[in-house]
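Dumped my_file24.cif below, it's mmCIF, C-alpha atoms and all ligand atoms:
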data_model
loop_
_atom_site.label_atom_id
_atom_site.label_comp_id
_atom_site.auth_asym_id
_atom_site.auth_seq_id
_atom_site.Cartn_x
_atom_site.Cartn_y
_atom_site.Cartn_z
CA MET O 154 0.00 0.00 0.00
CA ALA O 155 1.31 3.46 -0.85
CA LEU O 156 -0.07 5.05 2.31
CA SER O 157 -2.12 3.40 4.99
CA GLY O 158 -4.13 4.46 8.00
CA VAL O 159 -3.30 8.17 7.66
CA GLU O 160 -5.71 10.37 9.60
CA LYS O 161 -6.74 13.59 7.84
CA ASN O 162 -9.44 15.96 9.13
CA GLY O 163 -11.24 13.14 10.96
CA ARG O 164 -11.02 10.69 8.09
CA GLU O 165 -8.76 7.68 7.70
CA LEU O 166 -7.08 7.57 4.30
CA ARG O 167 -5.90 4.34 2.69
CA ILE O 168 -4.08 5.04 -0.55
CA HIS O 169 -3.21 2.15 -2.86
CA GLU O 170 -0.78 1.70 -5.74
CA ASN O 171 -3.52 0.35 -7.99
CA ALA O 172 -7.10 -0.91 -8.10
CA ASP O 173 -6.04 -4.51 -7.49
CA GLU O 174 -4.31 -3.62 -4.25
CA LEU O 175 -7.30 -1.48 -3.23
CA SER O 176 -9.66 -4.36 -3.95
CA SER O 177 -7.64 -6.71 -1.68
CA ASN O 178 -7.55 -4.17 1.15
CA LEU O 179 -11.26 -3.41 0.77
CA ALA O 180 -12.15 -7.11 0.91
CA GLU O 181 -10.15 -7.54 4.13
CA TYR O 182 -11.78 -4.43 5.65
CA ILE O 183 -15.31 -5.63 4.84
CA ALA O 184 -14.60 -9.17 6.06
CA ASP O 185 -13.19 -7.84 9.36
CA LEU O 186 -16.24 -5.60 9.95
CA SER O 187 -18.55 -8.47 9.06
CA GLU O 188 -16.85 -10.72 11.61
CA ALA O 189 -16.99 -8.04 14.33
CA SER O 190 -20.69 -7.23 13.69
CA ILE O 191 -21.73 -10.88 13.62
CA LYS O 192 -19.84 -11.50 16.87
CA GLU O 193 -21.49 -8.51 18.53
CA ARG O 194 -25.00 -8.53 17.02
CA GLY O 195 -25.41 -11.82 15.16
CA VAL O 196 -25.89 -10.10 11.79
CA PHE O 197 -24.11 -7.76 9.38
CA ALA O 198 -26.22 -4.96 7.86
CA LEU O 199 -24.42 -3.63 4.80
CA ALA O 200 -25.62 -0.88 2.47
CA LEU O 201 -24.12 -0.75 -1.02
CA SER O 202 -23.85 1.83 -3.77
CA GLY O 203 -23.54 1.01 -7.44
CA GLY O 204 -21.02 2.22 -10.00
CA SER O 205 -17.34 1.29 -9.88
CA LEU O 206 -17.62 0.12 -6.25
CA ILE O 207 -19.04 -3.28 -7.14
CA ASN O 208 -16.11 -4.26 -9.35
CA LEU O 209 -13.74 -3.05 -6.63
CA MET O 210 -15.45 -5.49 -4.23
CA ARG O 211 -14.48 -8.39 -6.49
CA LYS O 212 -11.85 -9.93 -4.16
CA LEU O 213 -14.56 -10.62 -1.59
CA CYS O 214 -15.87 -13.32 -3.92
CA GLU O 215 -12.49 -15.05 -3.97
CA ALA O 216 -10.54 -17.20 -1.50
CA PRO O 217 -10.30 -16.98 1.44
CA TYR O 218 -13.37 -14.74 1.89
CA ASN O 219 -15.80 -16.81 -0.20
CA LYS O 220 -15.31 -19.57 2.41
CA THR O 221 -14.54 -17.66 5.61
CA VAL O 222 -17.23 -14.94 5.57
CA ASP O 223 -20.48 -15.93 7.31
CA TRP O 224 -22.66 -14.95 4.32
CA ALA O 225 -25.86 -16.33 5.88
CA LYS O 226 -25.75 -13.51 8.43
CA TRP O 227 -25.47 -10.72 5.83
CA TYR O 228 -28.33 -8.32 5.04
CA ILE O 229 -27.94 -6.17 1.94
CA PHE O 230 -29.40 -2.67 1.52
CA TRP O 231 -28.99 0.04 -1.10
CA ALA O 232 -27.48 3.44 -0.35
CA ASP O 233 -29.13 4.47 -3.60
CA GLU O 234 -30.93 2.93 -6.54
CA ARG O 235 -31.83 4.14 -10.00
CA MET O 236 -35.55 3.83 -10.84
CA VAL O 237 -35.24 1.40 -13.73
CA SER O 238 -36.23 -2.24 -13.95
CA LYS O 239 -34.05 -4.69 -12.01
CA SER O 240 -32.90 -6.21 -15.30
CA HIS O 241 -31.82 -2.84 -16.79
CA SER O 242 -28.10 -2.20 -17.25
CA ASP O 243 -28.44 1.02 -15.18
CA SER O 244 -29.82 -0.84 -12.16
CA ASN O 245 -27.54 -0.93 -9.12
CA TYR O 246 -29.31 -4.16 -8.14
CA LYS O 247 -28.41 -5.81 -11.47
CA LEU O 248 -24.82 -4.64 -11.22
CA THR O 249 -24.56 -6.07 -7.70
CA LYS O 250 -26.34 -9.29 -8.62
CA ASP O 251 -23.94 -9.91 -11.50
CA GLY O 252 -20.81 -8.81 -9.61
CA LEU O 253 -21.44 -10.09 -6.08
CA LEU O 254 -24.80 -11.64 -5.17
CA SER O 255 -24.56 -14.39 -7.81
CA LYS O 256 -21.08 -15.36 -6.63
CA VAL O 257 -21.48 -15.77 -2.85
CA PRO O 258 -24.19 -17.51 -0.78
CA ILE O 259 -26.05 -14.45 0.55
CA VAL O 260 -29.62 -15.47 1.49
CA HIS O 261 -31.99 -14.17 -1.21
CA SER O 262 -34.56 -12.93 1.35
CA HIS O 263 -31.82 -10.93 3.10
CA VAL O 264 -31.40 -8.72 0.04
CA LEU O 265 -33.80 -5.81 0.39
CA SER O 266 -35.85 -5.38 -2.73
CA ILE O 267 -36.70 -1.96 -4.16
CA ASN O 268 -40.07 -1.80 -5.92
CA ASP O 269 -39.02 -1.08 -9.50
CA SER O 270 -42.56 -0.77 -10.82
CA ALA O 271 -43.59 1.99 -8.40
CA THR O 272 -42.97 5.72 -8.75
CA ALA O 273 -39.72 6.96 -7.22
CA GLU O 274 -41.71 8.58 -4.41
CA GLN O 275 -43.60 5.38 -3.59
CA ALA O 276 -40.46 3.22 -3.87
CA ALA O 277 -38.64 5.50 -1.41
CA GLU O 278 -41.57 5.33 1.01
CA ASP O 279 -41.81 1.52 0.76
CA TYR O 280 -38.06 1.14 1.19
CA GLU O 281 -38.02 3.33 4.30
CA PHE O 282 -40.95 1.34 5.71
CA ALA O 283 -39.06 -1.93 5.14
CA ILE O 284 -36.00 -0.50 6.89
CA ARG O 285 -38.19 0.58 9.85
CA GLN O 286 -39.41 -3.03 10.25
CA LEU O 287 -35.83 -4.30 10.34
CA VAL O 288 -34.84 -1.63 12.86
CA ARG O 289 -37.72 -2.84 15.05
CA THR O 290 -36.43 -6.43 14.91
CA ARG O 291 -32.86 -5.16 15.39
CA VAL O 292 -31.52 -6.57 12.14
CA ILE O 293 -30.37 -2.95 11.85
CA SER O 294 -29.25 -1.13 15.02
CA VAL O 295 -30.49 2.30 16.04
CA SER O 296 -28.33 5.37 16.41
CA GLU O 297 -27.83 6.63 19.99
CA ILE O 298 -27.91 10.25 18.82
CA ASN O 299 -31.13 10.24 16.76
CA ASP O 300 -33.69 7.61 15.78
CA CYS O 301 -31.91 6.82 12.51
CA PRO O 302 -30.93 3.31 11.49
CA LYS O 303 -27.30 2.55 12.29
CA PHE O 304 -25.97 0.36 9.49
CA ASP O 305 -22.89 -1.67 10.34
CA LEU O 306 -21.28 -0.45 7.12
CA ILE O 307 -22.30 1.86 4.27
CA LEU O 308 -20.12 1.62 1.17
CA LEU O 309 -20.17 4.67 -1.09
CA GLY O 310 -18.58 5.53 -4.40
CA MET O 311 -18.08 9.13 -5.49
CA GLY O 312 -18.65 10.76 -8.88
CA PRO O 313 -16.22 13.29 -10.42
CA ASP O 314 -18.68 16.03 -9.28
CA GLY O 315 -18.37 14.88 -5.64
CA HIS O 316 -21.78 13.16 -5.45
CA VAL O 317 -22.25 10.16 -3.19
CA ALA O 318 -25.20 7.76 -3.33
CA SER O 319 -27.70 9.95 -5.30
CA LEU O 320 -26.89 13.08 -3.29
CA PHE O 321 -25.76 15.55 -5.95
CA PRO O 322 -24.05 18.94 -5.45
CA ASN O 323 -26.40 21.91 -4.97
CA HIS O 324 -29.46 19.65 -4.87
CA SER O 325 -32.19 20.28 -2.30
CA VAL O 326 -31.96 16.59 -1.37
CA LEU O 327 -28.88 17.53 0.69
CA ASP O 328 -31.15 19.46 3.08
CA GLU O 329 -33.40 16.51 3.91
CA LYS O 330 -33.27 16.03 7.68
CA VAL O 331 -36.38 13.96 8.44
CA GLN O 332 -36.71 11.18 5.87
CA TRP O 333 -34.36 8.21 5.93
CA VAL O 334 -34.85 7.54 2.24
CA THR O 335 -35.85 10.13 -0.30
CA PHE O 336 -36.23 10.40 -4.06
CA ILE O 337 -35.16 12.68 -6.89
CA THR O 338 -36.59 12.98 -10.39
CA ASN O 339 -33.98 15.33 -11.85
CA SER O 340 -30.62 13.64 -11.35
CA PRO O 341 -27.93 15.48 -13.35
CA LYS O 342 -26.48 12.05 -14.13
CA PRO O 343 -28.84 9.69 -15.95
CA PRO O 344 -31.13 8.01 -15.20
CA PRO O 345 -33.04 11.00 -13.74
CA GLU O 346 -35.23 9.15 -11.22
CA ARG O 347 -33.52 7.71 -8.19
CA ILE O 348 -34.01 6.93 -4.53
CA THR O 349 -31.29 7.56 -2.00
CA PHE O 350 -30.34 7.40 1.66
CA THR O 351 -30.30 10.88 3.16
CA LEU O 352 -27.27 12.41 4.89
CA PRO O 353 -28.64 11.78 8.42
CA VAL O 354 -28.79 8.03 7.68
CA ILE O 355 -25.33 7.92 6.12
CA ASN O 356 -23.89 9.89 9.03
CA SER O 357 -25.51 7.59 11.60
CA ALA O 358 -23.73 4.46 10.37
CA SER O 359 -21.15 2.65 12.51
CA ASN O 360 -18.78 2.63 9.55
CA VAL O 361 -18.74 4.44 6.23
CA ALA O 362 -16.20 3.82 3.47
CA ILE O 363 -15.88 5.99 0.37
CA VAL O 364 -14.15 4.09 -2.42
CA VAL O 365 -12.68 6.12 -5.28
CA THR O 366 -10.28 5.38 -8.13
CA GLY O 367 -9.04 7.32 -11.14
CA GLY O 368 -7.46 10.68 -11.93
CA ASN O 369 -10.80 12.12 -13.15
CA LYS O 370 -11.93 12.18 -9.51
CA ALA O 371 -8.72 13.69 -8.04
CA ASP O 372 -10.13 17.25 -7.91
CA ALA O 373 -13.26 16.11 -6.06
CA VAL O 374 -11.14 14.04 -3.63
CA HIS O 375 -9.05 17.15 -2.91
CA LEU O 376 -12.17 19.28 -2.33
CA ALA O 377 -13.76 16.62 -0.15
CA ILE O 378 -10.77 16.02 2.13
CA ASP O 379 -8.37 18.98 2.18
CA ASP O 380 -8.89 22.31 3.97
CA VAL O 381 -9.97 24.35 0.99
CA GLY O 382 -12.36 26.90 2.45
CA PRO O 383 -16.07 27.24 3.16
CA ASP O 384 -17.32 26.76 -0.42
CA CYS O 385 -16.41 23.11 -0.30
CA GLU O 386 -18.30 22.39 2.90
CA VAL O 387 -21.38 21.68 0.77
CA LEU O 388 -19.73 19.10 -1.48
CA PRO O 389 -21.78 15.95 -0.82
CA ALA O 390 -18.72 13.72 -0.26
CA ARG O 391 -17.38 16.22 2.26
CA MET O 392 -20.73 16.23 4.08
CA VAL O 393 -20.21 12.55 4.89
CA GLN O 394 -19.09 12.82 8.50
CA PRO O 395 -20.45 10.01 10.65
CA GLY O 396 -21.17 11.44 14.12
CA LYS O 397 -20.16 8.42 16.17
CA GLY O 398 -18.98 6.17 13.37
CA LYS O 399 -15.72 5.73 11.55
CA LEU O 400 -15.03 7.06 8.05
CA VAL O 401 -12.39 5.49 5.81
CA TRP O 402 -11.48 6.66 2.29
CA PHE O 403 -10.13 3.94 -0.02
CA LEU O 404 -8.20 5.63 -2.85
CA ASP O 405 -5.78 4.69 -5.57
CA VAL O 406 -2.76 6.94 -6.22
CA GLU O 407 -4.46 8.63 -9.19
CA ALA O 408 -7.53 9.61 -7.16
CA ALA O 409 -5.24 10.79 -4.33
CA SER O 410 -2.88 12.69 -6.63
CA LYS O 411 -4.20 16.18 -5.78
CA LEU O 412 -4.35 15.71 -2.00
CA GLU O 413 -2.20 18.12 -0.04
CA ASP O 414 0.57 16.56 2.09
CA ALA O 415 -0.02 13.04 0.83
CA LYS O 416 3.45 11.53 0.91
CA PHE O 417 3.47 8.20 -0.87
CA SER O 418 5.97 5.60 0.30
CA GLU O 419 7.08 2.52 -1.64
O1 LIG M 501 -24.78 7.21 -10.11
C1 LIG M 501 -24.09 6.72 -9.26
O2 LIG M 501 -22.80 7.13 -9.14
C2 LIG M 501 -22.00 6.87 -7.99
C3 LIG M 501 -20.54 6.90 -8.43
O3 LIG M 501 -20.37 5.95 -9.46
P1 LIG M 501 -18.93 5.61 -10.07
O4 LIG M 501 -19.19 4.63 -11.19
O5 LIG M 501 -18.34 6.91 -10.55
O6 LIG M 501 -18.13 4.99 -8.99
C4 LIG M 501 -22.39 5.57 -7.32
O7 LIG M 501 -21.70 5.42 -6.11
C5 LIG M 501 -23.91 5.57 -7.09
O8 LIG M 501 -24.32 4.40 -6.40
C6 LIG M 501 -24.56 5.58 -8.44
O9 LIG M 501 -25.96 5.50 -8.38
#
Let me see the structure of the file written as structure tokens.
Ligand SMILES: O=C1O[C@H](COP(=O)(O)O)[C@@H](O)[C@H](O)[C@H]1O
Amino acid sequence: MALSGVEKNGRELRIHENADELSSNLAEYIADLSEASIKERGVFALALSGGSLINLMRKLCEAPYNKTVDWAKWYIFWADERMVSKSHSDSNYKLTKDGLLSKVPIVHSHVLSINDSATAEQAAEDYEFAIRQLVRTRVISVSEINDCPKFDLILLGMGPDGHVASLFPNHSVLDEKVQWVTFITNSPKPPPERITFTLPVINSASNVAIVVTGGNKADAVHLAIDDVGPDCEVLPARMVQPGKGKLVWFLDVEAASKLEDAKFSE
């Protein structure tokens, strides 16, 4: 690893030589958190994003993790989903099914289903209701600081514009304080209709990891992590600041290339 475990402005940074190294480190991190959650609570409640993240999770499907992880105790949620059919190439569910769910023995009924034939508004409402039921039965913990669900781990990607989940820069969705899940119908990145966790839910998680590769995201990484003045405080990725939880950024050297003070060792 080029740089590991560096603390910067309340975030741990793990910077990797390449995507392969990042993928190995990410698999180990997820497997360790899964083990700790299952030991403590009997289950592992994991929320996933789509995009490049799923391919970067590929090493989890390989030895030793395919055999050592207690997949039967996993529950899968979506940090965001695009409102298209589950078989559409834009669907985060399809991406995850092809890249992860079809390769490891996660229990089908433990994968939360988003209603892809409803409106975005109804799908968000149904999804939040389903999460509330699982909070009641303690499949998902509850935050001590508010009544939000406390996921064991939320995995986020980040777009070149600094968006995370479907929380886009300058969008009113960033101001949502009450709902756990909300919807948008005007995403600047297609497809336009999406549902997404809100910031209060993301910031209530026990662990959040933001996983980013590629030089086209280096500017956004810099704005999200470095001290660059008040304008950047509203960048969605920078607004990810779990109150009681731990935040780790998984980067490759290209994505980290514009960070101030990042000294890469061999
Ligand atoms: O639209 C989305 O974009 C982000 C980032 O995707 P990436 O391919 O640039 O990594 C993703 O995390 C989110 O889930 C997705 O809906």
Determine, counting only C-alpha atoms, which protein, DNA and RNA residues have an atom within 9 Å of an atom of stretch 377-390 of chain O; residues of the same chain fewer than 5 positions away are not included. Present the result as a ChimeraX atom specification. /O:161-162,164,311,314-317,320-323,327,352,363,372,412-413
Hey, which residues sit close to ligand LIG 501 (chain M)? Say within 10 Å, counting only C-alpha atoms and all ligand atoms, and write them as number ranges by chain. O: 201-209, 231-235, 243-245, 308-321, 340-345, 347-349, 363-367, 369-370
Mind working out the centre and edge lengths of an axis-aligned box for stretch 210-224 of chain O, all listed atoms inside, 3 Å added to each side, rounded to one decimal in Å and written as JSON?
{"center_x": -16.5, "center_y": -12.5, "center_z": 0.4, "size_x": 18.4, "size_y": 20.1, "size_z": 19.8}
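Considering only C-alpha atoms, the residue among O:Ala373, O:Leu306, O:Val326, O:Ile267 positioned nearest to O:Asp185 is O:Leu306.
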Give me the residues within 12 Å of O:Leu254 as a list in words, counting all atoms listed in the file and dropping any in the same chain fewer than 6 places off.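 So the residues in contact are Leu201, Ile207, Met210, Arg211, Leu213, Cys214, Asn219, Trp224, Trp227, Tyr228, Ile229, Asn245, Tyr246, Lys247, Leu248, Val260, His261, Ser262, His263 and Val264 of chain O.
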Distance atom CA of O:Arg167-atom CA of O:Phe403, one decimal place? 5.0 Å
Calculate how many Å separate atom CA of O:Ile355 from atom CA of O:Ser187, rounding to one decimal.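 Separation between atom CA of O:Ile355 and atom CA of O:Ser187: 18.0 Å.
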O:Ala273: which residues within 8 Å, counting all atoms listed in the file, same-chain residues fewer than 4 positions away excluded, as a PDB file with C-alpha atoms, in the coordinates of the input?
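Just written: part.pdb:
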ATOM      1  CA  MET O 236     -35.550   3.830 -10.840  1.00  0.00           C
ATOM      2  CA  ALA O 277     -38.640   5.500  -1.410  1.00  0.00           C
ATOM      3  CA  PHE O 336     -36.230  10.400  -4.060  1.00  0.00           C
ATOM      4  CA  ILE O 337     -35.160  12.680  -6.890  1.00  0.00           C
ATOM      5  CA  THR O 338     -36.590  12.980 -10.390  1.00  0.00           C
ATOM      6  CA  GLU O 346     -35.230   9.150 -11.220  1.00  0.00           C
ATOM      7  CA  ARG O 347     -33.520   7.710  -8.190  1.00  0.00           C
ATOM      8  CA  ILE O 348     -34.010   6.930  -4.530  1.00  0.00           C
TER       9      ILE O 348
END
Length of the atom CA of O:Val406 to atom CA of O:Asp251 vector [Å]: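 Those two atoms sit 27.6 Å apart.
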Compile the contact shell of stretch 278-280 of chain O as a list in words: residues with an atom at most 9 Å away, counting all atoms listed in the file, same-chain residues fewer than 3 positions apart removed. Leu265, Ser266, Ile267, Asn268, Ala273, Glu274, Gln275, Ala283, Ile284, Arg285, Val334, Thr335 and Phe336 of chain O
List as a compact mmCIF listing (two decimals) with C-alpha atoms, in the frame of the given file the protein and nucleic acid residues near O:Ala371, meaning an atom at most 6 Å away when only C-alpha atoms are counted, but skip any in the same chain fewer than 4 places from it.
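Saved as around.txt:
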# COMPACT_ATOMS: atom_id res chain seq x y z
CA ALA O 408 -7.53 9.61 -7.16
CA ALA O 409 -5.24 10.79 -4.33
CA LYS O 411 -4.20 16.18 -5.78
Could you pull out every residue with an atom within 12 Å of (-29.3, 6.9, 14.7), file coordinates, counting only C-alpha atoms, and send them as number ranges by chain? O: 285, 288, 293-305, 331, 333, 352-359, 395-398
Compare O:Val257, O:Ile307, O:Leu199, O:Ile191 by their minimum atom-to-atom distance to O:Lys226, counting all atoms listed in the file, and give me the closest one.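 Of all the options, O:Ile191 lies closest to O:Lys226.
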Keeping just N, CA and C atoms, export stretch 250-267 of chain O of this structure as a JSON list (two decimals), in the first residue's frame.
[["chain", "number", "residue", "atom", "x", "y", "z"],
["O", 250, "LYS", "N", -25.99, -7.87, -8.45],
["O", 250, "LYS", "CA", -26.34, -9.29, -8.62],
["O", 250, "LYS", "C", -25.26, -9.96, -9.48],
["O", 251, "ASP", "N", -24.93, -9.32, -10.59],
["O", 251, "ASP", "CA", -23.94, -9.91, -11.50],
["O", 251, "ASP", "C", -22.55, -9.96, -10.86],
["O", 252, "GLY", "N", -22.19, -8.91, -10.11],
["O", 252, "GLY", "CA", -20.81, -8.81, -9.61],
["O", 252, "GLY", "C", -20.57, -9.42, -8.24],
["O", 253, "LEU", "N", -21.64, -9.61, -7.46],
["O", 253, "LEU", "CA", -21.44, -10.09, -6.08],
["O", 253, "LEU", "C", -22.47, -11.15, -5.67],
["O", 254, "LEU", "N", -23.76, -10.78, -5.75],
["O", 254, "LEU", "CA", -24.80, -11.64, -5.17],
["O", 254, "LEU", "C", -24.86, -13.02, -5.83],
["O", 255, "SER", "N", -24.50, -13.10, -7.12],
["O", 255, "SER", "CA", -24.56, -14.39, -7.81],
["O", 255, "SER", "C", -23.32, -15.23, -7.52],
["O", 256, "LYS", "N", -22.36, -14.65, -6.81],
["O", 256, "LYS", "CA", -21.08, -15.36, -6.63],
["O", 256, "LYS", "C", -20.85, -15.86, -5.21],
["O", 257, "VAL", "N", -21.65, -15.36, -4.25],
["O", 257, "VAL", "CA", -21.48, -15.77, -2.85],
["O", 257, "VAL", "C", -22.86, -16.12, -2.29],
["O", 258, "PRO", "N", -22.88, -17.00, -1.24],
["O", 258, "PRO", "CA", -24.19, -17.51, -0.78],
["O", 258, "PRO", "C", -24.93, -16.58, 0.18],
["O", 259, "ILE", "N", -25.22, -15.36, -0.26],
["O", 259, "ILE", "CA", -26.05, -14.45, 0.55],
["O", 259, "ILE", "C", -27.51, -14.92, 0.40],
["O", 260, "VAL", "N", -28.23, -14.98, 1.51],
["O", 260, "VAL", "CA", -29.62, -15.47, 1.49],
["O", 260, "VAL", "C", -30.48, -14.50, 0.67],
["O", 261, "HIS", "N", -31.22, -15.03, -0.29],
["O", 261, "HIS", "CA", -31.99, -14.17, -1.21],
["O", 261, "HIS", "C", -32.93, -13.22, -0.44],
["O", 262, "SER", "N", -33.59, -13.76, 0.61],
["O", 262, "SER", "CA", -34.56, -12.93, 1.35],
["O", 262, "SER", "C", -33.88, -11.88, 2.22],
["O", 263, "HIS", "N", -32.56, -11.93, 2.34],
["O", 263, "HIS", "CA", -31.82, -10.93, 3.10],
["O", 263, "HIS", "C", -31.38, -9.75, 2.22],
["O", 264, "VAL", "N", -31.75, -9.82, 0.95],
["O", 264, "VAL", "CA", -31.40, -8.72, 0.04],
["O", 264, "VAL", "C", -32.64, -7.85, -0.13],
["O", 265, "LEU", "N", -32.61, -6.65, 0.41],
["O", 265, "LEU", "CA", -33.80, -5.81, 0.39],
["O", 265, "LEU", "C", -34.17, -5.44, -1.04],
["O", 266, "SER", "N", -35.43, -5.61, -1.35],
["O", 266, "SER", "CA", -35.85, -5.38, -2.73],
["O", 266, "SER", "C", -36.51, -4.00, -2.87],
["O", 267, "ILE", "N", -36.08, -3.26, -3.87],
["O", 267, "ILE", "CA", -36.70, -1.96, -4.16],
["O", 267, "ILE", "C", -37.79, -2.21, -5.20]]
